[in-house]
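I have placed the structure first, in the form of structure tokens, so that the comments after it can refer back to it.
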Amino acid sequence: MAVRRVLVIAGSDPSGGAGISRDVATLASISVEAAPVITAITAQTHERFAGFEAVRPEMVRAQIDAALVSGGIGAVKIGMLATAEIVLQVSQALEHRESLPVILDPVLASSSGGILLDEEGQQVLRESLLPRVFLLTPNLGETALLTGMHAAPTAAGAKAQAERLHALGCRRVLVKDGHGSGEQSSDVLYVEGEQSVAFSAPRRSGSARGTGCTLSSVIAGQLARGVALEDAIRAARAQVLARLRAVAP
């Protein structure tokens with residue numbers, strides 16, 4: 001069987017805590033190769049965001065085209081996109097790749113305080129990229145930003161926001177509850193026209209940067225192998241839990 005690789009489109013993070021370095025390391029840990037495409041160069045640590053410079057949109061497109069021509073791509077994982085122009089180039093590059101599952105982790109702001117995609121970029125993302133996405137993996141805050149609503153405090157509110165994202169063309173949405181409250185942390189998969197599925201576990205104290213990168217990368221890697229979506233999500237959540245345990249004091 002040909003080696004299946006994941007096309008990873010994301011920004012760099014010199015701290016190694018998040019971004020494309022976290023994606024590549026995560027995929028390597030499950031024995032999946034990455035084809036990395038860099039969208040932006042950031043300067044940040046675990047505590048502070050100093051800024052970023054976006055790669056020229058044409059160069060982002062050239063990187064994607066080169067990765068696709070190289071072959072073996074079984075899935076696409078998208079993180080930081082930086083500008084509206086890059087969002088558009090990524091969308092156009094994937095226009096005729098309907099067979100590839102695209103996992104979009106909508107990186108809109110860094111946990112260390114930086115804005116990573118402005119309002120114009122978010123609007124282009126809604127209009128041009130969401131309809132091409134196999135699975136969107138926003139946290140509660142990102143879900144609110146993408147829908148223009150307040151962060152949902154209840155499951156019913158999260159479901160209403162997922163339905164709004166469905167209306168924008170995104171058929172599958174995994175709303176992450178890592179930044180929520182309560183004894184149980186429940187990520188919920190909403191699939192248009194189907195019953196939602198909850199993935200729950202006791203909430204852990206503390207946090208680690210890059211958990212969203214880890215989750216979406218494992219899902220993409222498992223899908224590239226032909227694993228069913230719900231099983232891919234379970235494997236990804238287990239990987240995130242292992243990472244949280246590893247960094248726990």
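In the structure tokens, chains take the letters A, B, ... in the order shown, each chain's residues start at 1, and ligands count up from 1 in the order shown.
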
Neighbouring residues of Leu168 of chain A were defined as those with any atom within 12 Å, considering only C-alpha atoms; residues of the same chain fewer than 5 positions away were excluded. Please report them as an mmCIF file with C-alpha atoms, in the first residue's frame.
```
data_model
loop_
_atom_site.group_PDB
_atom_site.id
_atom_site.type_symbol
_atom_site.label_atom_id
_atom_site.label_comp_id
_atom_site.auth_asym_id
_atom_site.auth_seq_id
_atom_site.Cartn_x
_atom_site.Cartn_y
_atom_site.Cartn_z
ATOM 1 C CA GLN A 123 -15.164 36.451 6.121
ATOM 2 C CA VAL A 124 -13.263 34.980 3.162
ATOM 3 C CA LEU A 125 -12.843 31.776 5.173
ATOM 4 C CA ARG A 126 -16.615 31.574 5.690
ATOM 5 C CA GLU A 127 -17.377 32.238 2.031
ATOM 6 C CA SER A 128 -14.684 30.327 0.172
ATOM 7 C CA LEU A 129 -13.151 27.671 2.404
ATOM 8 C CA LEU A 130 -15.862 26.351 4.736
ATOM 9 C CA PRO A 131 -17.823 24.775 1.851
ATOM 10 C CA ARG A 132 -14.724 22.701 0.957
ATOM 11 C CA VAL A 133 -14.140 21.421 4.494
ATOM 12 C CA LEU A 136 -14.297 21.936 11.109
ATOM 13 C CA LEU A 146 -17.247 32.379 13.018
ATOM 14 C CA THR A 147 -20.993 32.642 13.607
ATOM 15 C CA GLN A 161 -24.090 27.729 16.246
ATOM 16 C CA ALA A 162 -23.159 24.450 14.550
ATOM 17 C CA GLU A 163 -26.353 24.689 12.507
ATOM 18 C CA VAL A 173 -18.457 20.453 12.900
ATOM 19 C CA GLU A 192 -25.911 18.102 9.121
#
```

Taking 3 positions as the minimum chain separation for residues in the same chain, which residues sit within 8 Å of Thr45 of chain A when counting only C-alpha atoms? Answer as a count of residues only. 5

When you look at Ala152 of chain A with a cut-off of 7 Å (counting only C-alpha atoms), what residues show up, excluding the ones that are within fewer than 3 positions of it in the same chain? I need them as a compact mmCIF listing (two decimals) with C-alpha atoms, in the first residue's frame.
```
# COMPACT_ATOMS: atom_id res chain seq x y z
CA LEU A 140 -16.22 27.47 21.83
CA GLY A 157 -26.52 27.08 22.14
CA ALA A 158 -23.57 25.19 20.67
```

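With only C-alpha atoms taken into account, the protein and nucleic acid residues at most 6 Å from Ile219 of chain A (excluding it and anything under 2 positions from it in its own chain) are Ser216, Ser217, Gly221, Gln222, Ala232, Ile233 and Ala236 of chain A.
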
Output for the residues just chosen: N, CA and C atoms as a PDB file, in the first residue's frame:
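The file below, part14.pdb, is the result:
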```pdb
ATOM      1  N   SER A 216      -6.554  17.964  15.692  1.00  0.00           N
ATOM      2  CA  SER A 216      -6.872  17.997  14.263  1.00  0.00           C
ATOM      3  C   SER A 216      -5.860  17.212  13.439  1.00  0.00           C
ATOM      4  N   SER A 217      -4.607  17.196  13.856  1.00  0.00           N
ATOM      5  CA  SER A 217      -3.590  16.447  13.119  1.00  0.00           C
ATOM      6  C   SER A 217      -3.821  14.942  13.222  1.00  0.00           C
ATOM      7  N   GLY A 221      -4.567  12.423  10.212  1.00  0.00           N
ATOM      8  CA  GLY A 221      -3.719  11.259   9.996  1.00  0.00           C
ATOM      9  C   GLY A 221      -4.508   9.962   9.959  1.00  0.00           C
ATOM     10  N   GLN A 222      -5.472   9.843  10.841  1.00  0.00           N
ATOM     11  CA  GLN A 222      -6.296   8.631  10.869  1.00  0.00           C
ATOM     12  C   GLN A 222      -7.194   8.549   9.637  1.00  0.00           C
ATOM     13  N   ALA A 232     -11.576   8.099  14.402  1.00  0.00           N
ATOM     14  CA  ALA A 232     -10.452   9.036  14.298  1.00  0.00           C
ATOM     15  C   ALA A 232     -10.521  10.078  15.412  1.00  0.00           C
ATOM     16  N   ILE A 233     -11.718  10.552  15.727  1.00  0.00           N
ATOM     17  CA  ILE A 233     -11.889  11.528  16.801  1.00  0.00           C
ATOM     18  C   ILE A 233     -11.518  10.917  18.145  1.00  0.00           C
ATOM     19  N   ALA A 236      -7.842  10.750  18.434  1.00  0.00           N
ATOM     20  CA  ALA A 236      -7.283  12.085  18.623  1.00  0.00           C
ATOM     21  C   ALA A 236      -7.466  12.571  20.061  1.00  0.00           C
TER      22      ALA A 236
END
```

message = If DSSP is run on the backbone, what residues of segment 39-239 of chain A are strand (DSSP E or B)? A reply as a PyMOL selection string would be ideal.
response = chain A and resi 39-44+49-54+73-78+102-104+109+115+135-136+139+172-176+184-191+197-202

Quick one: everything within 8 Å of segment 93-96 of chain A, counting only C-alpha atoms, minus sequence neighbours fewer than 6 positions away in the same chain. Send it as an mmCIF file with all heavy atoms, in the first residue's frame.
```
data_model
loop_
_atom_site.group_PDB
_atom_site.id
_atom_site.type_symbol
_atom_site.label_atom_id
_atom_site.label_comp_id
_atom_site.auth_asym_id
_atom_site.auth_seq_id
_atom_site.Cartn_x
_atom_site.Cartn_y
_atom_site.Cartn_z
ATOM 1 N N ARG A 61 0.571 29.018 -2.382
ATOM 2 C CA ARG A 61 -0.052 28.200 -3.433
ATOM 3 C C ARG A 61 0.987 27.295 -4.101
ATOM 4 O O ARG A 61 0.720 26.117 -4.374
ATOM 5 C CB ARG A 61 -0.716 29.107 -4.470
ATOM 6 C CG ARG A 61 -1.301 28.369 -5.678
ATOM 7 C CD ARG A 61 -2.426 27.408 -5.260
ATOM 8 N NE ARG A 61 -2.952 26.666 -6.391
ATOM 9 C CZ ARG A 61 -3.961 27.081 -7.158
ATOM 10 N NH1 ARG A 61 -4.553 28.242 -6.904
ATOM 11 N NH2 ARG A 61 -4.387 26.343 -8.153
ATOM 12 N N ILE A 64 1.678 24.312 -1.903
ATOM 13 C CA ILE A 64 0.577 23.342 -1.934
ATOM 14 C C ILE A 64 0.620 22.528 -3.222
ATOM 15 O O ILE A 64 0.509 21.288 -3.203
ATOM 16 C CB ILE A 64 -0.782 24.056 -1.791
ATOM 17 C CG1 ILE A 64 -0.894 24.714 -0.417
ATOM 18 C CG2 ILE A 64 -1.933 23.060 -1.991
ATOM 19 C CD1 ILE A 64 -2.104 25.601 -0.266
ATOM 20 N N ASP A 65 0.786 23.214 -4.343
ATOM 21 C CA ASP A 65 0.825 22.513 -5.632
ATOM 22 C C ASP A 65 1.969 21.507 -5.670
ATOM 23 O O ASP A 65 1.807 20.380 -6.163
ATOM 24 C CB ASP A 65 0.969 23.521 -6.768
ATOM 25 C CG ASP A 65 -0.287 24.364 -6.975
ATOM 26 O OD1 ASP A 65 -1.349 23.978 -6.441
ATOM 27 O OD2 ASP A 65 -0.199 25.401 -7.659
ATOM 28 N N ARG A 132 -15.628 23.759 1.411
ATOM 29 C CA ARG A 132 -14.724 22.701 0.957
ATOM 30 C C ARG A 132 -14.263 21.787 2.083
ATOM 31 O O ARG A 132 -13.525 20.830 1.871
ATOM 32 C CB ARG A 132 -13.484 23.306 0.286
ATOM 33 C CG ARG A 132 -13.791 24.249 -0.846
ATOM 34 C CD ARG A 132 -12.572 24.493 -1.707
ATOM 35 N NE ARG A 132 -12.756 25.599 -2.634
ATOM 36 C CZ ARG A 132 -13.548 25.578 -3.693
ATOM 37 N NH1 ARG A 132 -14.228 24.477 -3.970
ATOM 38 N NH2 ARG A 132 -13.674 26.630 -4.487
#
```

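The shell of residues at most 8 Å from Ala35 of chain A, with only C-alpha atoms counted and near chain neighbours (fewer than 3 positions) removed, consists of A:Arg5, A:Val6, A:Leu7, A:Val8, A:Ala67.
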
Grab the residues selected above and save them as a PDB file, in the first residue's frame with N, CA, C and O atoms.
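The new file result-v2.pdb reads:
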```pdb
ATOM      1  N   ARG A   5       0.173  10.381   3.211  1.00  0.00           N
ATOM      2  CA  ARG A   5       0.705  11.532   3.916  1.00  0.00           C
ATOM      3  C   ARG A   5      -0.405  12.549   4.148  1.00  0.00           C
ATOM      4  O   ARG A   5      -1.431  12.526   3.479  1.00  0.00           O
ATOM      5  N   VAL A   6      -0.163  13.444   5.100  1.00  0.00           N
ATOM      6  CA  VAL A   6      -1.092  14.531   5.375  1.00  0.00           C
ATOM      7  C   VAL A   6      -0.457  15.842   4.927  1.00  0.00           C
ATOM      8  O   VAL A   6       0.665  16.170   5.322  1.00  0.00           O
ATOM      9  N   LEU A   7      -1.164  16.565   4.076  1.00  0.00           N
ATOM     10  CA  LEU A   7      -0.759  17.913   3.687  1.00  0.00           C
ATOM     11  C   LEU A   7      -1.132  18.847   4.834  1.00  0.00           C
ATOM     12  O   LEU A   7      -2.311  18.995   5.163  1.00  0.00           O
ATOM     13  N   VAL A   8      -0.128  19.441   5.472  1.00  0.00           N
ATOM     14  CA  VAL A   8      -0.338  20.316   6.626  1.00  0.00           C
ATOM     15  C   VAL A   8      -0.069  21.750   6.204  1.00  0.00           C
ATOM     16  O   VAL A   8       1.033  22.091   5.772  1.00  0.00           O
ATOM     17  N   ALA A  67       3.375  19.965  -3.102  1.00  0.00           N
ATOM     18  CA  ALA A  67       3.062  18.839  -2.217  1.00  0.00           C
ATOM     19  C   ALA A  67       2.077  17.887  -2.874  1.00  0.00           C
ATOM     20  O   ALA A  67       2.227  16.656  -2.801  1.00  0.00           O
TER      21      ALA A  67
END
```

Of A:Ala84, A:Ala34, A:Ala43, A:Leu223, the one sitting nearest Leu68 of chain A when using only C-alpha atoms is A:Ala34

Tell me, as a list of chain:residue names, which residues lie within 12 Å of Gln63 of chain A, counting only C-alpha atoms; anything in the same chain fewer than 4 positions away does not count.
A:Leu7, A:Val8, A:Ile9, A:Ala10, A:Ala35, A:Pro36, A:Val37, A:Ile38, A:Thr39, A:Val55, A:Arg56, A:Pro57, A:Glu58, A:Met59, A:Ala67, A:Leu68, A:Val69, A:Ser70, A:Ile86, A:Gln89, A:Val90, A:Ala93

Using DSSP secondary structure from the backbone, list all alpha helix (DSSP H) positions within segment 129-197 of chain A, as number ranges by chain.
A: 140-147, 155-167

Residues just named, written with all heavy atoms as a compact mmCIF listing (two decimals), in the first residue's frame:
```
# COMPACT_ATOMS: atom_id res chain seq x y z
N LEU A 140 -15.00 26.69 21.59
CA LEU A 140 -16.22 27.47 21.83
C LEU A 140 -16.06 28.92 21.38
O LEU A 140 -16.97 29.51 20.79
CB LEU A 140 -16.58 27.41 23.31
CG LEU A 140 -16.99 26.03 23.84
CD1 LEU A 140 -17.13 26.05 25.36
CD2 LEU A 140 -18.29 25.56 23.19
N GLY A 141 -14.89 29.51 21.65
CA GLY A 141 -14.66 30.90 21.25
C GLY A 141 -14.60 31.07 19.74
O GLY A 141 -15.15 32.04 19.19
N GLU A 142 -13.95 30.14 19.05
CA GLU A 142 -13.85 30.21 17.60
C GLU A 142 -15.21 29.99 16.94
O GLU A 142 -15.53 30.62 15.93
CB GLU A 142 -12.85 29.16 17.11
CG GLU A 142 -11.42 29.50 17.50
CD GLU A 142 -10.48 28.30 17.45
OE1 GLU A 142 -10.96 27.15 17.36
OE2 GLU A 142 -9.26 28.52 17.53
N THR A 143 -16.01 29.11 17.53
CA THR A 143 -17.36 28.90 17.02
C THR A 143 -18.16 30.19 17.08
O THR A 143 -18.88 30.55 16.14
CB THR A 143 -18.07 27.79 17.82
OG1 THR A 143 -17.28 26.60 17.78
CG2 THR A 143 -19.44 27.49 17.25
N ALA A 144 -18.03 30.89 18.20
CA ALA A 144 -18.75 32.16 18.36
C ALA A 144 -18.27 33.19 17.34
O ALA A 144 -19.08 33.90 16.72
CB ALA A 144 -18.56 32.68 19.78
N LEU A 145 -16.96 33.30 17.15
CA LEU A 145 -16.42 34.28 16.20
C LEU A 145 -16.89 33.99 14.77
O LEU A 145 -17.28 34.90 14.04
CB LEU A 145 -14.90 34.28 16.24
CG LEU A 145 -14.24 35.03 17.40
CD1 LEU A 145 -12.74 34.78 17.40
CD2 LEU A 145 -14.53 36.52 17.31
N LEU A 146 -16.88 32.73 14.39
CA LEU A 146 -17.25 32.38 13.02
C LEU A 146 -18.73 32.57 12.75
O LEU A 146 -19.13 32.80 11.61
CB LEU A 146 -16.85 30.93 12.72
CG LEU A 146 -15.34 30.68 12.58
CD1 LEU A 146 -15.06 29.20 12.46
CD2 LEU A 146 -14.78 31.42 11.36
N THR A 147 -19.55 32.48 13.79
CA THR A 147 -20.99 32.64 13.61
C THR A 147 -21.48 34.04 13.95
O THR A 147 -22.64 34.37 13.71
CB THR A 147 -21.76 31.63 14.48
OG1 THR A 147 -21.40 31.82 15.87
CG2 THR A 147 -21.46 30.21 14.07
N ALA A 155 -25.34 23.29 25.70
CA ALA A 155 -25.29 22.40 24.54
C ALA A 155 -26.25 22.87 23.45
O ALA A 155 -25.94 22.79 22.26
CB ALA A 155 -25.63 20.98 24.98
N ALA A 156 -27.41 23.38 23.86
CA ALA A 156 -28.38 23.86 22.88
C ALA A 156 -27.83 25.05 22.11
O ALA A 156 -28.03 25.18 20.89
CB ALA A 156 -29.69 24.23 23.58
N GLY A 157 -27.12 25.93 22.81
CA GLY A 157 -26.52 27.08 22.14
C GLY A 157 -25.44 26.67 21.17
O GLY A 157 -25.33 27.21 20.06
N ALA A 158 -24.61 25.69 21.56
CA ALA A 158 -23.57 25.19 20.67
C ALA A 158 -24.18 24.55 19.44
O ALA A 158 -23.67 24.69 18.32
CB ALA A 158 -22.67 24.20 21.41
N LYS A 159 -25.29 23.84 19.62
CA LYS A 159 -25.96 23.20 18.49
C LYS A 159 -26.49 24.25 17.50
O LYS A 159 -26.37 24.09 16.28
CB LYS A 159 -27.10 22.32 18.98
CG LYS A 159 -27.80 21.52 17.87
CD LYS A 159 -28.81 20.56 18.47
CE LYS A 159 -29.38 19.64 17.39
NZ LYS A 159 -30.21 20.35 16.42
N ALA A 160 -27.03 25.34 18.02
CA ALA A 160 -27.53 26.41 17.16
C ALA A 160 -26.40 27.02 16.35
O ALA A 160 -26.57 27.35 15.17
CB ALA A 160 -28.23 27.47 18.01
N GLN A 161 -25.23 27.18 16.97
CA GLN A 161 -24.09 27.73 16.25
C GLN A 161 -23.58 26.75 15.20
O GLN A 161 -23.19 27.15 14.09
CB GLN A 161 -22.99 28.11 17.23
CG GLN A 161 -23.40 29.28 18.13
CD GLN A 161 -22.30 29.73 19.05
OE1 GLN A 161 -21.18 29.22 19.01
NE2 GLN A 161 -22.60 30.70 19.90
N ALA A 162 -23.56 25.46 15.53
CA ALA A 162 -23.16 24.45 14.55
C ALA A 162 -24.10 24.45 13.35
O ALA A 162 -23.67 24.32 12.20
CB ALA A 162 -23.14 23.07 15.20
N GLU A 163 -25.39 24.64 13.60
CA GLU A 163 -26.35 24.69 12.51
C GLU A 163 -26.09 25.91 11.62
O GLU A 163 -26.27 25.85 10.39
CB GLU A 163 -27.77 24.71 13.07
CG GLU A 163 -28.19 23.37 13.67
CD GLU A 163 -29.52 23.42 14.39
OE1 GLU A 163 -30.01 24.55 14.63
OE2 GLU A 163 -30.05 22.35 14.74
N ARG A 164 -25.67 27.01 12.22
CA ARG A 164 -25.34 28.19 11.41
C ARG A 164 -24.11 27.91 10.54
O ARG A 164 -24.05 28.33 9.39
CB ARG A 164 -25.08 29.40 12.32
CG ARG A 164 -24.79 30.66 11.53
CD ARG A 164 -24.83 31.90 12.39
NE ARG A 164 -26.17 32.21 12.87
CZ ARG A 164 -26.51 33.37 13.42
NH1 ARG A 164 -25.63 34.34 13.54
NH2 ARG A 164 -27.74 33.57 13.86
N LEU A 165 -23.13 27.19 11.09
CA LEU A 165 -21.96 26.81 10.30
C LEU A 165 -22.34 25.85 9.18
O LEU A 165 -21.82 25.91 8.08
CB LEU A 165 -20.90 26.20 11.20
CG LEU A 165 -20.23 27.18 12.17
CD1 LEU A 165 -19.40 26.44 13.21
CD2 LEU A 165 -19.37 28.18 11.41
N HIS A 166 -23.30 24.94 9.46
CA HIS A 166 -23.81 24.06 8.40
C HIS A 166 -24.41 24.89 7.27
O HIS A 166 -24.23 24.58 6.09
CB HIS A 166 -24.88 23.12 8.97
CG HIS A 166 -24.34 22.07 9.88
ND1 HIS A 166 -25.12 21.46 10.85
CD2 HIS A 166 -23.12 21.51 9.99
CE1 HIS A 166 -24.40 20.57 11.50
NE2 HIS A 166 -23.17 20.59 10.99
N ALA A 167 -25.11 25.95 7.62
CA ALA A 167 -25.74 26.80 6.61
C ALA A 167 -24.70 27.49 5.72
O ALA A 167 -25.00 27.85 4.58
CB ALA A 167 -26.64 27.84 7.28
```

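The coordinates place atom CA of Phe52 of chain A at 25.8 Å from atom CA of Ala220 of chain A.
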
Ile20 of chain A proximity check over A:Gln122, A:Ser185, A:Ser91, A:Thr42, using only C-alpha atoms: winner is A:Thr42

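Residue nearest Val197 of chain A, chosen from A:Leu174, A:Ala66, A:Ala109, A:Val60 and counting only C-alpha atoms: A:Leu174.
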